[in-house]
Every structure is written in structure tokens, then in C-alpha cells.
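**Q** My structure is below; once you've seen it, I'll send some questions.
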Amino acid sequence: MHDWSLRAGDPLFLTLAADSRLSTPDYVNDHIWELEPGGGEPVALSLRTTYGLRARAMRLFLRFSENGRAVIDPAEFAVGPRLRRFYPNFLWLEFSPFENLEVSTEYWVPESHALAGRVTLANRSSTTRQVRFEVCAALAHLDGQNMMPIQQQMVNVLAGGTGGLFPVIFMTGGPKPGPGPHPSLSLDLELGPGAARQFTFAQAAEGELPLAFELARRIAARPWEAERARIELLHASSTYEIHTGDVDWDAALAFTQTAAFGLLLPGGEKLPRTTFIAARQPDHGFSRKGDGTDYPPAWSGQTPLEALYLASLLPGAPQVGRDFLLNFLAVQTENGEIDNKPGAGGQRGKLLAAPMLASLAWSLYQRIPDEDFLQRVFPKLQKFFWSWFSPAHDLQRDGIPEWTHLLQTGFEDNPLFDVWHPWSQGVDISTVHSPGLCAMLYREARCLMRMAKTLEATDDLSLLELQARALHSSVEATWNARTALYSYVDHETCLCLPGRELVRSKGGAASFRPKAEFEHPLRLQIEILTKSHTSKRPEVEIGEYPIKGEPEIIEGSQFQWQSGGLVATSRKVYTRVGRIKVRGLEDKDKVIVRTVDLTSEDHTLLLPLWAGMSDPQHAQALIGRTILSAERFDRPFGLPALPTLPSAEADTVGMSVHLPWNHLVGEGLLAYGFRDEAARLTAHLMNAVILNLKQMRAFSQRYHAELGAGIGERNALNGLAPLGLFLQTLGVTIHSTTCVRLEGRNPFPWPVTIKYRGLTVVRGLEETTLTFPNGAVTTVTETAPVIVMA
């Protein structure tokens, strides 16, 4: 078991929550804690929660007193805190509040409503010492009461109230109410030379004080050593211990696995298998409705892109990825459709899932070959694939489907379709053919074909091959040789053209005759700017000729609310516009009519590389001129969402590095033989993650491509370090403790050691040494793909 020695300034991730592998977290009432090594009021080494925003803050911290001097601030300790071990529900730290007084603190979350701590004090001096030890609590409550000492069944405890909860702190050793400035339980200790004392405390919060007291007392009585051993055995059996030439990388990769396991929830009535949430922090975890249907997006379900990424972060627990897939298949309808976001509380996204599930299944099969599993999921995945080609999702019925909603795509801030930013266009996504969607479908088809061949289901191959060719042709037709990138195109005209303004005027009842003619058919975008927040029902009439001809009527129901007003996209395309009439607006409202601009570029347009559908010439140009261009996607901390910004205000959106998308592009680089470039991308992403773990003690949802600063929610799934991409780039796939696949060479500047269940893989710069659990040792020097078995 690896012992760390991480201090302030090192990468740190200090969130604690119930581990779904060892208990059953309460999905609607989950108390999540974070250790803060300094800060707060008072400044202390403290554990903090808000019980899911039912308190402003609840903080637990330790106070040590000797010879009239008391310390709680770690900056005043003789030896500052060092993190020795960490798991999703357990932290172990060591420090010395005074010279030669060593303190070991272990914090453990055994279940959703409780937290426990064990403190060991050891006198390393040659004299007897009188030390006072206190467990302090500071509750900033909401409609409740502060923590205070009370007696419960003749036992001194601390108790308070907030938001319908009653936190209680129980401590072993017969404590008394502490004399310090903060509510505390206190013990006066006499420690002889070399002597040590150990105490346990437990905090529980329930809807009734007696229940909280009983829970805290039960938790404090549990066998600590046995519980810790159970946690450590589980950790050793399900995680990769990775040693690179950089301890910061080692810590970031270890914290990633810890954080990933902390996002898991067990299966239940609503979803049969292990699922996940997208972030877990102290403000999360409480559903006022009591069923989770009021949760924010991070807690309301699993999406295909997030499932694919999270599965890549847990190589030591391959069953988890299978569970994610089986959850999607469990909600499949008779017509093959699968919901985009099924949740643990029965939530549904009510959109068709992004076509990435066969890709997930095939990646799982490549890691752990299991034909029975493949046989089980293949028919359902095939049915799901074909559901994308129904008339509801292929409006032109040309074999090239369209997205229905931006939420399906996995890039919800896409400025071409987004309506929440003033610099976004808000184009109706169903009018556009997306190379990203076609790339996903093409990869799905190829994965299904591989499954069919593996299962000898050859009857299914011809139709899949035919559809794959159609998708391939469609995407290749969007290739722009000038920009070396694929393009969005109109689903009716198959053109990608810049936009131009036709009309800009005040609203009210207005009539315009722009007399505009176009060389190619164009779609129109109508934007209404208004400062009024009252409900509007505008109606816009568009005709090709000033007087004659049947016009297109864009009714109020077709408009979407946008930052600053409303926006709608015409259903028809036009070679000329002779008249535009607007009704239903106020005089101060403004109307802008322009042709749709599809020249927008973003990271989803790189997806054909991941799908393996770029021909070699296009792939070379895409990589060399676009991905590796410092003026476009090649930035110090990863590939940004947008290579150029539509506005300076778009910086945090455009320069956001989305790790799941970067992971896919990295896989595309590897597929085309660009291993060194994939290693370089991995290093850029790792630098962003490490910077935030050092400065913020947290992962971020996204990272700024130029600055590395965190953007969005703390400790979000999408910001965890790209462990899967790192392993693929390293060229190591562990099928089992007796079977390892090696490919290529180690492109990183140092040897890498991976330990897993008694297997050790040392990936050197020139050779790889494998030591199997039975003691057999094998050395491999060739770079061609090879399977090594014990």
C-alpha cells in the first residue's frame, strides 16, 4: 500500500463521502465533507460541509493546548499536515502541533449521515507532558441553533440544529465540555515519554436528535482497524498504482481514481446497475422533494459521453463501465430508442441518447474480452443504432440524421446553437448536419460490424457497411481544404456559407422589402432584441417576392428565448427574399434578419479523426494544420472548445478545455499513429489538472486553454485527469493479472510503473518488464502489438 507525503502546495483532493462499494449512499440526503487545510473562521485544519445547503457551514476541527498555548491553525503547527493515504471515504494525515508531539488523524465517512475520526497523540520527547485535546464544532445554521454541549443519556456530546437536521458529536474517553472559545469536547491527557493515546469521535446528523446520537455512538463503536483494512483491500483490488518520473502526475492519477469512485451510486429501483453523478461536493446531496427530481444537472442522470469518459478512468474496475451501458439498455423502448440521461431518481432527459454506446461496449470488450457480454448487448445496440435513422431524427430522410437538441451533443455551450449568450447565434440545431454526429454514428457502425464479425452474425454486416459508407461520404463532403477542418452544413442544401445581415430595424408592426438575391439557397435567422421581460407572441412573415407567392409564417411558438430577446430559424431556404413582415412587437424592440452563418468552428468538428473516417491526406492536414497549430487548437493546457472567439466575452466558453472531448481527439491521434503528439496532448491536460489540484485543491469542470485556470463546477467528472488516454498513449492494456497487451513504445520522458493485484508492469523507454503474481518475469523490446501472458 502506497504511503504518500503530500503537503500544502502539492496536488490535493480532499473530498470525503460515502463509498457506494462499502455502503448504500442516501441519494436524496447525502452529507459530503471536504477537508480544508487552513482558511475559514477560525483558521483551522477543518472538515466542512453544508449538508446540501441546509447550513451555511458546519466545520469540525481539532484544538491542542500545552503550557497555556493553544493551536488550531496548521500554519502555527511545529510540523504541518502531510496527507499519507486517501480513499473516497477515508483520509489519513500526520502533523505535530507542538515539538515532539506527533498526531495522526484519520477521517472516515462510513455512510451518508455520519462522519468519524480517530486521533492518535504520541509523545516523542523524554519528559511527561500535559496536553489538552479538543474536538471543536462551528455551525453556521439556518433556522436552527448553534452547536453546544449537552448531555444525552448521561454522556457529554455537542448538538445543534439546522435546516431540519440535528448534528450530534460523540467522543470516546469520557470528554467534558471544553473551555475554549468554540463549542468542544475536551480531554486532559498526561503523556509520559514515548506514550501514546488514541480517541475516536463521530458526528451524525439526522432529523431527530436521539436518532443522531444513537447513530454517532454506533459509528464510534465500530472496529476501526477492521474497517480501515476493508477499505484498503478494496482500494488495492480496484485501482492502478502508477509511478511515473513525476510525483505530481502520480498524485493526480491517484486522486482521479479516488474521485471517480466517489461519483458512483449503487443500482436501485429506477436504474438497475451502478450509475454515477457528475460532481460531488458539500453543497450537493439534498433533495427537498425527497426523490431527486429537483436535483441540478450534475445529479440528474448519466450521459453517454460522460459514461464513456468515466469508464476510461476506472481501468481497475471494468464492471463499472458495463453497468453504465446496461443502465442505458434497461431504459430502451420497443422502437430501439434510449434516453440520453437516465437518472438514479427516475429522471429522464427525454431525448435520444448520443450514439456512443456501441463505442463504449467495444472499448469494454477490448479491455476484457467477454463474448457472452457482447452477445447480450449486440442486438440492443444494433436496434439503438437504427433508431437514429427513423424519420423523427432524419428529417430529410437522406440517411444522415440531425441532432434534435443541443443537450444531446455533450457541448451545450456551442455558440452556433446556444441561446444563453449574447454572442451565440441560436441556430435551430435540427436544420444542420453535424460532422460530429455523423462521426459518432460511423464509429457506432464500425464497432457493431466488429461485434458482428466476432459473434459471426454476418447477416447484419451488409446493411451496416452500406450505412457506414453513406455516413463517410457525407462527412468527407464537409471537408474544407482551406481551413483543414470539417464543417457544419445545412441539412437541406449541404452548404456551409457565411452569414450576412439583411434587415435591422425597430419592431412593432413593420414591413420590409430587402430585395435580396442569393447565388445559393440560404436559411434565415430572425432575432428580436427586447428589454421587456413580458411574454411576447411575435409573428414573422417571409416571402420570396414583394407581393405574390405563399409566404413562410414563423409563429411565436417557433421562437426560443435568447439572452437579450428571442431567436428563430426559418424552416425554408431562400434564393431571394422580397418581403419580411413583423407583427406583435413593441416599438422599442429591434428586429435583425440575417442569413445563417455555418462557418463556426469548434472541437466537435475534430471527431471524424476519432471515428477513423478521415482519409490519410485529410488526417495529416487536420492534425498538422489544425490540431497542432498554435493559432488554432494547440494551446498550453489542451485543445480549447473554439479555436477563435466570436467575442472577447466568449473567453471562458471558447477557451474551455473539455477533457472528454480532448480524450476522444487523443484516441484519434493514436489511431493514426501520432503517439508522440498524443503524449504531448496528455501532458498539456495533466498540467492543467495539476495546477488546479495545487492551487484550489480540487479538479475543475473545465480548464482555460491558455491560463490553466479552473472553469465551472469544482470536482466535476469532466475535469478528472485523463487516465484512460494516458494508458492508451503509454501502450499498456491490462486484460487481467495474467494477460497484458503492449503496443508501440513509451513516449513519455520517464519510465512508468503500474501495479495492479500483484502484477507489475515497468514500461521503460526501450523495453518493458512484466512481473506476474506467480513470480514469472517477461521482458519485451519490440514495438509491434503483442499479448504477453504469464
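Please note that chains go A, B, ... in the order of the C-alpha cells, that every chain numbers its residues from 1, and that ligands are numbered from 1 in the order shown.
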Can you pull out every residue within 7 Å of Leu47 in chain A, counting only C-alpha atoms, but drop anything in the same chain fewer than 5 positions away, and send it as a list in words?

**A**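 Residues near the query, excluding close chain neighbours: Trp33, Glu34, Leu35, Glu36, Arg59, Leu60 and Phe61 of chain A.
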
**Q** Keeping only N, CA and C atoms, write the selected residues as a PDB file, in the first residue's frame.

**A**
```pdb
ATOM      1  N   TRP A  33     -18.338  15.922   2.737  1.00  0.00           N
ATOM      2  CA  TRP A  33     -17.398  16.721   3.507  1.00  0.00           C
ATOM      3  C   TRP A  33     -16.158  17.034   2.675  1.00  0.00           C
ATOM      4  N   GLU A  34     -15.497  18.126   3.036  1.00  0.00           N
ATOM      5  CA  GLU A  34     -14.220  18.461   2.418  1.00  0.00           C
ATOM      6  C   GLU A  34     -13.260  18.926   3.504  1.00  0.00           C
ATOM      7  N   LEU A  35     -12.044  18.394   3.493  1.00  0.00           N
ATOM      8  CA  LEU A  35     -11.020  18.807   4.438  1.00  0.00           C
ATOM      9  C   LEU A  35     -10.356  20.073   3.919  1.00  0.00           C
ATOM     10  N   GLU A  36     -10.291  21.088   4.785  1.00  0.00           N
ATOM     11  CA  GLU A  36      -9.673  22.360   4.416  1.00  0.00           C
ATOM     12  C   GLU A  36      -8.439  22.558   5.285  1.00  0.00           C
ATOM     13  N   ARG A  59     -18.394  23.089  10.495  1.00  0.00           N
ATOM     14  CA  ARG A  59     -16.959  22.824  10.496  1.00  0.00           C
ATOM     15  C   ARG A  59     -16.562  22.085  11.758  1.00  0.00           C
ATOM     16  N   LEU A  60     -15.753  21.051  11.585  1.00  0.00           N
ATOM     17  CA  LEU A  60     -15.176  20.306  12.696  1.00  0.00           C
ATOM     18  C   LEU A  60     -13.664  20.485  12.653  1.00  0.00           C
ATOM     19  N   PHE A  61     -13.056  20.785  13.792  1.00  0.00           N
ATOM     20  CA  PHE A  61     -11.602  20.953  13.820  1.00  0.00           C
ATOM     21  C   PHE A  61     -11.078  20.584  15.205  1.00  0.00           C
TER      22      PHE A  61
END
```

**Q** Name all residues at most 7 Å from Pro538 in chain A (count only C-alpha atoms; drop same-chain ones fewer than 4 positions away) and give them as a list in words.

**A**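 Once the adjacent positions are removed, what remains is Glu555, Gly556, Arg583, Gly584 and Leu585 of chain A.
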
**Q** Neighbouring residues of Tyr703 in chain A were defined as those with any atom within 10 Å, considering only C-alpha atoms; residues of the same chain fewer than 3 positions away were excluded. Please report them as number ranges by chain.

**A** A: 637-640, 652-653, 655-659, 685, 688-689, 691-692, 699-700, 706-712, 719

**Q** Residues of range 109-135 of chain A that approach range 10-25 of chain A to 9 Å or less, counting only C-alpha atoms: could you list each one with the shortest pair of atoms and its distance in Å to one decimal, rows by chain and increasing residue number, as a Markdown table?

**A**
```
| residue | atom | partner | partner_atom | distance |
| --- | --- | --- | --- | --- |
| A:Val109 | CA | A:Ala18 | CA | 5.4 |
| A:Pro110 | CA | A:Ala18 | CA | 5.9 |
| A:Glu111 | CA | A:Ala18 | CA | 4.9 |
| A:Ser112 | CA | A:Pro25 | CA | 5.3 |
| A:His113 | CA | A:Ala18 | CA | 8.7 |
| A:Ala114 | CA | A:Ala18 | CA | 8.8 |
| A:Leu115 | CA | A:Ala17 | CA | 8.7 |
```

**Q** Any chance you can output those residues with all heavy atoms as a PDB file, in the first residue's frame?

**A**
```
ATOM      1  N   VAL A 109     -15.908   8.469   6.388  1.00  0.00           N
ATOM      2  CA  VAL A 109     -17.358   8.633   6.193  1.00  0.00           C
ATOM      3  C   VAL A 109     -17.946   7.241   5.958  1.00  0.00           C
ATOM      4  O   VAL A 109     -17.889   6.721   4.837  1.00  0.00           O
ATOM      5  CB  VAL A 109     -17.663   9.572   5.006  1.00  0.00           C
ATOM      6  CG1 VAL A 109     -19.165   9.642   4.753  1.00  0.00           C
ATOM      7  CG2 VAL A 109     -17.107  10.964   5.274  1.00  0.00           C
ATOM      8  N   PRO A 110     -18.497   6.609   6.994  1.00  0.00           N
ATOM      9  CA  PRO A 110     -18.996   5.241   6.853  1.00  0.00           C
ATOM     10  C   PRO A 110     -20.325   5.146   6.125  1.00  0.00           C
ATOM     11  O   PRO A 110     -20.653   4.104   5.565  1.00  0.00           O
ATOM     12  CB  PRO A 110     -19.130   4.771   8.302  1.00  0.00           C
ATOM     13  CG  PRO A 110     -19.369   6.021   9.081  1.00  0.00           C
ATOM     14  CD  PRO A 110     -18.612   7.106   8.376  1.00  0.00           C
ATOM     15  N   GLU A 111     -21.103   6.237   6.153  1.00  0.00           N
ATOM     16  CA  GLU A 111     -22.395   6.263   5.466  1.00  0.00           C
ATOM     17  C   GLU A 111     -22.787   7.712   5.243  1.00  0.00           C
ATOM     18  O   GLU A 111     -22.107   8.634   5.688  1.00  0.00           O
ATOM     19  CB  GLU A 111     -23.450   5.547   6.296  1.00  0.00           C
ATOM     20  CG  GLU A 111     -23.672   6.145   7.672  1.00  0.00           C
ATOM     21  CD  GLU A 111     -24.895   5.569   8.345  1.00  0.00           C
ATOM     22  OE1 GLU A 111     -24.820   4.430   8.835  1.00  0.00           O
ATOM     23  OE2 GLU A 111     -25.911   6.278   8.358  1.00  0.00           O
ATOM     24  N   SER A 112     -23.915   7.931   4.568  1.00  0.00           N
ATOM     25  CA  SER A 112     -24.266   9.280   4.137  1.00  0.00           C
ATOM     26  C   SER A 112     -24.526  10.252   5.274  1.00  0.00           C
ATOM     27  O   SER A 112     -24.369  11.458   5.111  1.00  0.00           O
ATOM     28  CB  SER A 112     -25.497   9.231   3.218  1.00  0.00           C
ATOM     29  OG  SER A 112     -25.149   8.827   1.917  1.00  0.00           O
ATOM     30  N   HIS A 113     -24.967   9.765   6.432  1.00  0.00           N
ATOM     31  CA  HIS A 113     -25.386  10.671   7.501  1.00  0.00           C
ATOM     32  C   HIS A 113     -24.359  10.803   8.613  1.00  0.00           C
ATOM     33  O   HIS A 113     -24.678  11.362   9.671  1.00  0.00           O
ATOM     34  CB  HIS A 113     -26.719  10.206   8.110  1.00  0.00           C
ATOM     35  CG  HIS A 113     -27.825  10.098   7.119  1.00  0.00           C
ATOM     36  ND1 HIS A 113     -29.052   9.557   7.433  1.00  0.00           N
ATOM     37  CD2 HIS A 113     -27.907  10.467   5.814  1.00  0.00           C
ATOM     38  CE1 HIS A 113     -29.828   9.575   6.360  1.00  0.00           C
ATOM     39  NE2 HIS A 113     -29.148  10.129   5.365  1.00  0.00           N
ATOM     40  N   ALA A 114     -23.165  10.276   8.429  1.00  0.00           N
ATOM     41  CA  ALA A 114     -22.209  10.256   9.538  1.00  0.00           C
ATOM     42  C   ALA A 114     -20.790  10.470   9.050  1.00  0.00           C
ATOM     43  O   ALA A 114     -20.453  10.207   7.891  1.00  0.00           O
ATOM     44  CB  ALA A 114     -22.315   8.925  10.295  1.00  0.00           C
ATOM     45  N   LEU A 115     -19.966  10.963   9.967  1.00  0.00           N
ATOM     46  CA  LEU A 115     -18.528  11.106   9.755  1.00  0.00           C
ATOM     47  C   LEU A 115     -17.831  10.740  11.060  1.00  0.00           C
ATOM     48  O   LEU A 115     -18.325  11.065  12.141  1.00  0.00           O
ATOM     49  CB  LEU A 115     -18.181  12.530   9.345  1.00  0.00           C
ATOM     50  CG  LEU A 115     -16.685  12.872   9.241  1.00  0.00           C
ATOM     51  CD1 LEU A 115     -16.428  13.738   8.027  1.00  0.00           C
ATOM     52  CD2 LEU A 115     -16.186  13.572  10.495  1.00  0.00           C
TER      53      LEU A 115
END
```

**Q** Please identify all polymer residues within 10 Å of range 425-431 of chain A, counting only C-alpha atoms, omitting same-chain residues fewer than 4 positions from it, and present them as number ranges by chain.

**A** A: 393-396, 401-406, 414-421, 489-492, 523-527, 558-563, 566-572, 596-598, 600

**Q** Can you pull out the residues contacting Gly564 in chain A? Cut-off 7 Å, using only C-alpha atoms, and skip same-chain residues under 2 positions away; I want them as a list in words.

**A** Pro422, Leu529, Thr530, Lys531 and Gln562 of chain A
